[in-house]
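Novice: This one is target.cif, mmCIF, C-alpha atoms.
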```cif
data_coords
loop_
_atom_site.label_atom_id
_atom_site.label_comp_id
_atom_site.auth_asym_id
_atom_site.auth_seq_id
_atom_site.Cartn_x
_atom_site.Cartn_y
_atom_site.Cartn_z
CA MET V 12 29.62 45.97 57.50
CA SER V 13 28.27 42.85 55.80
CA ILE V 14 27.33 43.16 52.13
CA HIS V 15 23.86 41.78 51.36
CA ASP V 16 23.51 39.07 48.72
CA ALA V 17 21.07 41.30 46.84
CA LYS V 18 23.81 43.90 46.34
CA LEU V 19 26.20 41.22 45.11
CA ASP V 20 23.59 40.09 42.62
CA ARG V 21 23.12 43.66 41.34
CA VAL V 22 26.85 44.07 40.76
CA ILE V 23 27.10 40.74 38.92
CA ASP V 24 23.97 41.39 36.86
CA ARG V 25 25.23 44.81 35.78
CA PHE V 26 28.58 43.34 34.72
CA ASP V 27 26.83 40.61 32.71
CA GLN V 28 24.64 43.24 31.01
CA VAL V 29 27.64 45.38 30.08
CA GLU V 30 29.55 42.35 28.79
CA ALA V 31 26.61 41.24 26.66
CA ARG V 32 26.05 44.76 25.30
CA LEU V 33 29.76 45.16 24.55
CA GLY V 34 29.65 42.09 22.33
CA ALA V 35 26.76 43.54 20.30
CA ALA V 36 27.65 47.28 20.20
CA ALA V 37 28.62 48.84 16.87
CA ASP V 38 28.87 52.53 17.75
CA VAL V 39 32.48 53.53 18.51
CA GLY V 40 31.50 55.92 21.28
CA GLU V 41 29.34 53.31 22.97
CA ILE V 42 32.09 50.68 22.66
CA VAL V 43 34.59 53.01 24.35
CA SER V 44 32.14 53.80 27.16
CA LEU V 45 31.17 50.15 27.68
CA SER V 46 34.81 49.02 27.58
CA ARG V 47 35.68 51.49 30.33
CA GLU V 48 32.74 50.35 32.50
CA HIS V 49 33.57 46.69 31.79
CA ALA V 50 37.15 47.18 32.97
CA GLU V 51 35.95 48.92 36.14
CA LEU V 52 33.27 46.34 36.95
CA LYS V 53 35.25 43.17 36.18
CA PRO V 54 37.33 42.98 39.41
CA VAL V 55 34.24 43.90 41.47
CA ALA V 56 32.06 41.23 39.82
CA GLU V 57 34.78 38.59 40.19
CA LYS V 58 35.17 39.37 43.90
CA ALA V 59 31.37 39.39 44.33
CA ARG V 60 31.13 35.91 42.74
CA GLU V 61 33.95 34.68 44.98
CA LEU V 62 32.19 36.00 48.09
CA LYS V 63 28.87 34.44 47.04
CA ALA V 64 30.57 31.08 46.48
CA VAL V 65 32.21 31.17 49.92
CA ARG V 66 28.89 32.02 51.57
CA GLU V 67 27.11 29.21 49.73
CA ASN V 68 29.83 26.70 50.68
CA LEU V 69 29.55 27.87 54.28
CA ARG V 70 25.77 27.30 54.23
CA GLN V 71 26.28 23.79 52.84
CA ALA V 72 28.91 22.94 55.47
CA GLU V 73 26.61 24.14 58.26
CA ALA V 74 23.73 22.07 56.83
CA ILE V 75 25.89 18.94 56.92
CA ILE V 76 26.90 19.68 60.53
CA THR V 77 23.28 20.27 61.54
CA ASP V 78 22.18 17.05 59.84
CA GLY V 79 24.89 15.04 61.69
CA PHE V 80 24.13 11.85 59.76
CA ASP V 81 27.68 10.91 58.70
CA ARG V 82 30.36 11.50 61.36
CA ASP V 83 33.24 11.64 58.88
CA MET V 84 31.33 14.14 56.72
CA VAL V 85 30.57 16.22 59.79
CA GLU V 86 34.26 16.40 60.74
CA LEU V 87 35.19 17.49 57.23
CA ALA V 88 32.37 20.04 57.23
CA GLU V 89 33.55 21.48 60.57
CA GLN V 90 37.06 21.96 59.17
CA GLU V 91 35.62 23.56 56.06
CA ARG V 92 33.45 25.86 58.17
CA LEU V 93 36.46 27.08 60.15
CA HIS V 94 38.37 27.77 56.93
CA LEU V 95 35.47 29.61 55.28
CA ARG V 96 34.64 31.70 58.35
CA ALA V 97 38.29 32.81 58.53
CA ALA V 98 38.26 33.79 54.84
CA LEU V 99 34.98 35.76 54.91
CA PRO V 100 36.11 38.98 56.69
CA ASP V 101 39.03 39.58 54.31
CA LEU V 102 36.84 38.91 51.28
CA GLU V 103 34.17 41.34 52.48
CA ARG V 104 36.73 44.04 53.26
CA GLU V 105 38.31 43.66 49.83
CA LEU V 106 34.93 43.92 48.13
CA GLN V 107 33.96 46.93 50.23
CA ARG V 108 37.17 48.61 49.09
CA LEU V 109 36.31 47.87 45.46
CA LEU V 110 32.80 49.25 45.95
CA VAL V 111 34.01 52.64 47.22
CA PRO V 112 33.08 55.16 44.48
CA LYS V 113 36.15 56.04 42.43
CA ASP V 114 37.07 59.50 41.28
CA ARG V 115 36.03 59.68 37.64
CA ASP V 116 39.37 61.34 36.84
CA ASP V 117 41.61 58.69 38.45
CA ASP V 118 42.83 57.42 35.07
CA ALA V 119 43.22 60.92 33.61
CA PRO V 120 46.62 62.32 32.63
CA ILE V 121 47.71 65.37 34.60
CA MET V 122 49.26 68.79 34.30
CA LEU V 123 51.94 68.92 37.02
CA GLU V 124 52.88 72.45 38.11
CA ILE V 125 55.73 73.08 40.57
CA ARG V 126 56.63 76.61 41.68
CA ALA V 127 59.31 77.93 44.00
CA GLY V 128 57.80 79.59 47.09
CA THR V 129 59.51 81.32 49.99
CA GLY V 130 63.25 80.87 50.14
CA GLY V 131 64.71 82.47 47.02
CA VAL V 132 67.34 80.37 45.23
CA GLU V 133 66.99 77.56 47.77
CA ALA V 134 63.25 77.32 47.03
CA ALA V 135 63.99 77.10 43.30
CA LEU V 136 66.53 74.32 43.93
CA PHE V 137 63.94 72.48 46.02
CA ALA V 138 61.39 72.84 43.21
CA GLY V 139 63.95 71.12 40.99
CA ASP V 140 64.36 68.34 43.56
CA LEU V 141 60.59 67.80 43.64
CA PHE V 142 60.35 67.66 39.85
CA ARG V 143 63.13 65.06 39.66
CA MET V 144 61.41 63.07 42.44
CA TYR V 145 58.14 62.98 40.50
CA LYS V 146 59.89 62.24 37.22
CA ARG V 147 61.61 59.21 38.75
CA TYR V 148 58.37 58.05 40.39
CA ALA V 149 56.59 58.41 37.03
CA SER V 150 59.30 56.36 35.35
CA LEU V 151 58.82 53.55 37.88
CA GLN V 152 55.09 53.54 37.10
CA GLY V 153 55.69 53.41 33.36
CA TRP V 154 54.34 56.93 32.80
CA LYS V 155 55.55 59.52 30.31
CA VAL V 156 56.62 63.03 31.40
CA ASP V 157 56.79 65.92 28.91
CA VAL V 158 57.99 69.34 30.07
CA ILE V 159 55.68 72.04 28.75
CA GLU V 160 57.15 75.14 30.35
CA ALA V 161 60.24 75.66 32.51
CA ASN V 162 61.72 78.78 34.09
CA ARG V 163 65.18 77.62 35.11
CA ILE V 164 67.80 79.27 37.28
CA GLU V 165 71.54 78.99 36.67
CA SER V 166 72.03 76.85 39.78
CA GLY V 167 69.92 74.07 38.28
CA GLY V 168 66.53 74.61 39.93
CA PHE V 169 63.26 76.04 38.67
CA ARG V 170 61.27 79.09 39.56
CA GLU V 171 58.44 77.28 37.81
CA ILE V 172 58.05 74.10 35.81
CA VAL V 173 54.94 72.70 34.14
CA ALA V 174 54.83 69.16 32.76
CA SER V 175 52.28 66.81 31.26
CA VAL V 176 52.24 63.31 32.77
CA THR V 177 50.42 60.53 30.93
CA GLY V 178 49.83 56.87 31.72
CA LYS V 179 47.46 54.53 33.54
CA GLY V 180 46.11 55.82 36.85
CA VAL V 181 48.19 59.01 36.89
CA PHE V 182 45.73 61.34 38.61
CA GLY V 183 44.51 58.59 40.93
CA ASN V 184 48.03 58.18 42.32
CA MET V 185 49.14 61.82 42.22
CA LYS V 186 46.00 63.69 43.31
CA PHE V 187 47.09 64.12 46.94
CA GLU V 188 50.42 65.76 46.03
CA SER V 189 48.87 69.21 45.58
CA GLY V 190 49.86 71.68 48.27
CA VAL V 191 52.86 73.31 49.93
CA HIS V 192 55.97 71.15 50.30
CA ARG V 193 58.47 72.45 52.87
CA VAL V 194 62.19 71.68 53.07
CA GLN V 195 64.50 72.19 56.05
CA ARG V 196 68.20 71.99 55.23
CA VAL V 197 71.46 73.92 55.01
CA PRO V 198 71.50 75.67 51.62
CA VAL V 199 74.56 75.20 49.41
CA THR V 200 74.89 79.02 49.42
CA GLU V 201 74.94 79.20 53.24
CA SER V 202 78.50 79.46 54.55
CA GLY V 203 77.48 79.51 58.22
CA GLY V 204 75.86 76.11 58.12
CA ARG V 205 72.50 77.37 59.36
CA ILE V 206 69.34 75.40 58.60
CA HIS V 207 66.89 77.28 56.40
CA THR V 208 63.24 76.56 55.72
CA SER V 209 62.06 76.97 52.13
CA ALA V 210 58.96 75.91 50.28
CA ALA V 211 57.56 75.03 46.88
CA THR V 212 53.97 74.58 45.77
CA VAL V 213 52.74 71.63 43.75
CA ALA V 214 49.51 71.57 41.76
CA VAL V 215 48.19 68.38 40.15
CA LEU V 216 45.52 69.18 37.56
CA PRO V 217 43.64 66.34 35.80
CA GLU V 218 43.29 66.48 32.03
CA PRO V 219 40.36 64.14 31.43
CA GLU V 220 39.58 63.00 27.93
CA ASN V 221 36.16 63.60 26.38
CA VAL V 222 35.42 66.55 28.68
CA GLU V 223 34.47 69.77 26.97
CA ILE V 224 35.64 72.99 28.61
CA ASP V 225 33.71 75.82 26.98
CA ILE V 226 35.96 78.87 26.60
CA ARG V 227 34.44 81.70 24.62
CA ASP V 228 36.74 83.92 22.55
CA GLU V 229 35.33 87.03 24.21
CA ASP V 230 36.28 85.65 27.64
CA ILE V 231 39.99 85.54 26.77
CA ARG V 232 42.56 88.31 26.56
CA ILE V 233 45.86 87.42 24.89
CA ASP V 234 48.94 89.59 25.35
CA THR V 235 52.29 88.99 23.68
CA MET V 236 55.67 89.92 25.14
CA ARG V 237 59.32 89.12 24.80
CA ALA V 238 60.37 85.84 26.32
CA SER V 239 63.08 86.12 28.94
CA GLY V 240 66.37 84.44 28.13
CA ALA V 241 69.79 83.72 29.51
CA GLY V 242 71.30 86.81 27.88
CA GLY V 243 73.46 87.52 24.82
CA GLN V 244 72.49 85.66 21.68
CA HIS V 245 69.88 83.62 23.55
CA VAL V 246 67.58 86.57 24.28
CA ASN V 247 64.34 86.35 22.33
CA LYS V 248 64.11 89.66 20.43
CA THR V 249 60.59 88.99 19.10
CA GLU V 250 57.35 89.04 21.05
CA SER V 251 56.77 85.29 21.07
CA ALA V 252 55.75 84.79 24.71
CA VAL V 253 52.00 84.62 25.32
CA ARG V 254 50.02 85.64 28.39
CA MET V 255 46.46 84.32 28.27
CA THR V 256 43.92 85.66 30.78
CA HIS V 257 40.50 84.13 31.37
CA LEU V 258 38.48 87.25 32.20
CA PRO V 259 35.53 85.66 34.12
CA THR V 260 37.83 83.88 36.60
CA GLY V 261 41.02 85.95 36.42
CA ILE V 262 43.08 82.79 35.76
CA MET V 263 46.29 83.75 33.94
CA VAL V 264 48.64 81.49 31.98
CA VAL V 265 52.02 82.45 30.53
CA SER V 266 53.92 80.40 27.97
CA SER V 267 57.32 81.53 26.65
CA GLU V 268 58.59 78.97 24.16
CA LYS V 269 60.19 80.22 20.93
CA SER V 270 57.07 79.90 18.77
CA GLN V 271 54.12 82.18 19.44
CA HIS V 272 51.77 79.69 17.75
CA GLN V 273 53.09 76.93 20.01
CA ASN V 274 52.70 79.20 23.03
CA ARG V 275 49.03 79.85 22.27
CA ALA V 276 48.35 76.11 22.07
CA ILE V 277 50.25 75.44 25.31
CA ALA V 278 48.54 78.30 27.14
CA MET V 279 45.11 77.06 26.05
CA GLN V 280 45.95 73.51 27.19
CA VAL V 281 47.04 74.74 30.62
CA LEU V 282 44.07 77.12 30.91
CA LYS V 283 41.59 74.31 30.22
CA ALA V 284 43.23 72.15 32.87
CA ARG V 285 43.05 74.98 35.44
CA LEU V 286 39.41 75.77 34.66
CA TYR V 287 38.50 72.10 34.98
CA GLU V 288 40.38 71.89 38.28
CA LYS V 289 38.51 74.97 39.56
CA GLU V 290 35.23 73.19 38.85
CA ARG V 291 36.55 70.02 40.49
CA GLN V 292 37.62 71.95 43.59
CA GLU V 293 34.16 73.42 44.06
CA LYS V 294 32.58 69.96 43.89
CA GLU V 295 35.30 68.49 46.13
CA GLU V 296 34.60 71.09 48.83
CA GLU V 297 30.96 70.02 48.85
CA ARG V 298 31.97 66.37 49.18
CA ALA V 299 34.51 67.21 51.89
CA ALA V 300 31.74 68.36 54.20
CA GLU V 301 30.36 64.81 54.08
CA ARG V 302 33.76 63.13 54.44
CA LYS V 303 35.43 64.67 57.46
CA GLY V 304 38.19 62.06 57.37
CA GLN V 305 39.39 62.97 53.89
CA VAL V 306 43.11 63.27 53.26
CA GLY V 307 42.85 66.75 51.78
CA SER V 308 41.09 68.80 49.16
CA GLY V 309 44.15 69.42 47.03
CA ASP V 310 44.28 73.07 48.06
CA ARG V 311 47.72 74.26 46.95
CA SER V 312 47.89 76.70 49.90
CA GLU V 313 47.75 73.82 52.41
CA ARG V 314 51.10 72.77 53.91
CA ILE V 315 51.12 69.05 53.38
CA ARG V 316 54.66 67.73 53.80
CA THR V 317 58.05 68.52 55.31
CA TYR V 318 61.40 67.18 54.10
CA ASN V 319 63.82 67.51 57.02
CA PHE V 320 67.44 66.90 56.00
CA PRO V 321 69.16 67.12 59.42
CA GLN V 322 66.94 64.31 60.73
CA GLY V 323 66.66 62.45 57.41
CA ARG V 324 62.89 62.30 57.63
CA VAL V 325 59.81 63.09 55.57
CA SER V 326 56.58 63.93 57.39
CA ASP V 327 53.14 64.11 55.80
CA HIS V 328 51.10 66.31 58.12
CA ARG V 329 47.67 65.20 56.89
CA ILE V 330 47.96 61.61 58.09
CA ASN V 331 50.70 62.05 60.73
CA LEU V 332 53.07 59.85 58.73
CA THR V 333 56.83 60.13 59.31
CA LEU V 334 59.37 58.05 57.40
CA HIS V 335 63.12 58.20 57.97
CA LYS V 336 63.82 57.60 54.28
CA LEU V 337 64.37 61.12 53.02
CA ASP V 338 67.03 60.27 50.43
CA ASP V 339 65.03 57.37 48.96
CA ILE V 340 61.80 59.37 48.89
CA LEU V 341 63.33 62.48 47.35
CA ALA V 342 65.04 60.24 44.79
CA GLY V 343 61.57 58.97 43.86
CA ASP V 344 62.36 55.35 44.73
CA ALA V 345 60.36 55.27 47.99
CA LEU V 346 57.75 57.95 47.21
CA ASN V 347 55.25 55.11 46.68
CA GLU V 348 55.29 54.45 50.45
CA VAL V 349 53.93 57.94 51.11
CA ILE V 350 51.45 57.86 48.24
CA ASP V 351 50.16 54.37 49.15
CA ALA V 352 49.57 55.50 52.75
CA LEU V 353 47.59 58.51 51.53
CA LEU V 354 45.47 56.35 49.22
CA ALA V 355 44.81 53.86 52.03
CA GLU V 356 43.67 56.68 54.32
CA ASP V 357 41.34 58.02 51.64
CA GLN V 358 39.85 54.56 51.05
CA ALA V 359 39.27 54.18 54.78
CA ALA V 360 37.44 57.51 54.81
CA GLY V 361 35.33 56.33 51.86
CA LEU V 362 34.40 53.11 53.67
CA ALA V 363 33.47 55.07 56.79
CA ALA V 364 31.23 57.32 54.71
CA MET V 365 29.52 54.26 53.18
CA GLU V 366 28.91 52.76 56.62
CA ASN V 367 27.41 56.00 57.92
CA ALA V 368 25.25 56.58 54.85
#
```
For the file at hand, write its structure as structure tokens.
Specialist:
Amino acid sequence: MSIHDAKLDRVIDRFDQVEARLGAAADVGEIVSLSREHAELKPVAEKARELKAVRENLRQAEAIITDGFDRDMVELAEQERLHLRAALPDLERELQRLLVPKDRDDDAPIMLEIRAGTGGVEAALFAGDLFRMYKRYASLQGWKVDVIEANRIESGGFREIVASVTGKGVFGNMKFESGVHRVQRVPVTESGGRIHTSAATVAVLPEPENVEIDIRDEDIRIDTMRASGAGGQHVNKTESAVRMTHLPTGIMVVSSEKSQHQNRAIAMQVLKARLYEKERQEKEEERAAERKGQVGSGDRSERIRTYNFPQGRVSDHRINLTLHKLDDILAGDALNEVIDALLAEDQAAGLAAMENA
């Protein structure tokens, strides 16, 4: 799909307008908004200018060849034409990729929720493995991970863990991790050496800045209870744990840190993220009908990936990707290979949608 010069001009003109306005703006809110748009448009405008220059040089080379007045000039022009024609397809593909509409939440921090599913203790251990995988991956990206809530088991896993992940492009990279992750391995508690299948669910909820989630006081019920502990002196004897229920949607959040005040703040933070994600999901389902090739909607009930220990492989079922790098992926060091493949598939679906529009 060739991009018309008129579209290139519109992209460049818009970037120039934003850049000029940014230099004159005085309002803080406007400066923030313009700065964000400027950063998004800059690589697109630069690539558009590069493509226009190549096209213009190609036109000039063809004019010299058509004229045929100077033989040496014609030979140079023919070489230049071959070079420019070879460069054009890659330039156009790169610009098309940049023009695919981006998710407005791609740069948002996230609330990462991992819960043990079927499989008892083994599922909780696997949930711990997944959290450590994401924590390592986040570290490699330069992101910050803060644990908000954790329900640990003595063996070292988690029945549930909720963490905030902040940094550049967090949601954009992590948004396809939501769903059911399945593990096939021999549990450490299994004396017979039989392979068991367990599962854990992952939810990636964006926490966009400057988005107001209206939660009325009358729509919330707050219950307090005793936080569970490890026993003995560690048991919380006061009702500090908070269960917050959003009555219109039935969404429930529980926070059980030592401070009830802290728990209310945490529960509200998580509730806002879940309500925003609910709204996102509804819009995503509408968009999915138009993009049949999408990677996935982020539905946490969808089985998305299997980690098979006997065969040392990881399979992502949405894009039929299998990598025999289980240890490196689960360690977080090679998770980027899976995530990059998912992002590439989503971009391809976006380009296909643009071509069919």
Novice: Which one of V:Thr256, V:Gln292, V:Thr317, V:Thr208 sits closest to Asn331 of chain V if you count all atoms listed in the file?
Specialist: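 Between V:Thr256, V:Gln292, V:Thr317, V:Thr208, the residue approaching Asn331 of chain V most closely is V:Thr317.
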Novice: Go ahead and compute the interatomic distance for atom CA of Glu160 of chain V and atom CA of Gly261 of chain V, in Å to one decimal.
Specialist: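 Interatomic distance here is 20.3 Å.
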Novice: With the file shown as input, list the residues that the PyMOL selection byres ((chain V and resi 171) around 7) selects, as a list in words.
Specialist: Ile125, Arg126, Ala127, Ala161, Asn162, Phe169, Arg170, Ile172 and Val173 of chain V
Novice: Might you spell out which residues the PyMOL selection byres ((chain V and resi 62) around 10) would select in the displayed file, as a PyMOL selection string?
Specialist: chain V and resi 14+16+19+56-61+63-68+98-103+105-106
Novice: For Glu89 of chain V, find every residue with an atom within 8 Å (counting all atoms listed in the file), except residues of its own chain fewer than 6 positions away, and show them as a list of chain:residue names.
Specialist: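 So, after excluding close chain neighbours, the residues are V:Ala72, V:Glu73, V:Ile76.
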Novice: Taking C-alpha atoms for each residue, export the selection above as a PDB file, keeping the file's coordinate frame.
Specialist:
```pdb
ATOM      1  CA  ALA V  72      28.910  22.940  55.470  1.00  0.00           C
ATOM      2  CA  GLU V  73      26.610  24.140  58.260  1.00  0.00           C
ATOM      3  CA  ILE V  76      26.900  19.680  60.530  1.00  0.00           C
TER       4      ILE V  76
END
```
Novice: Provide the atom CA of Ala342 of chain V to atom CA of Glu188 of chain V distance in Å, to one decimal place.
Specialist: 15.7 Å
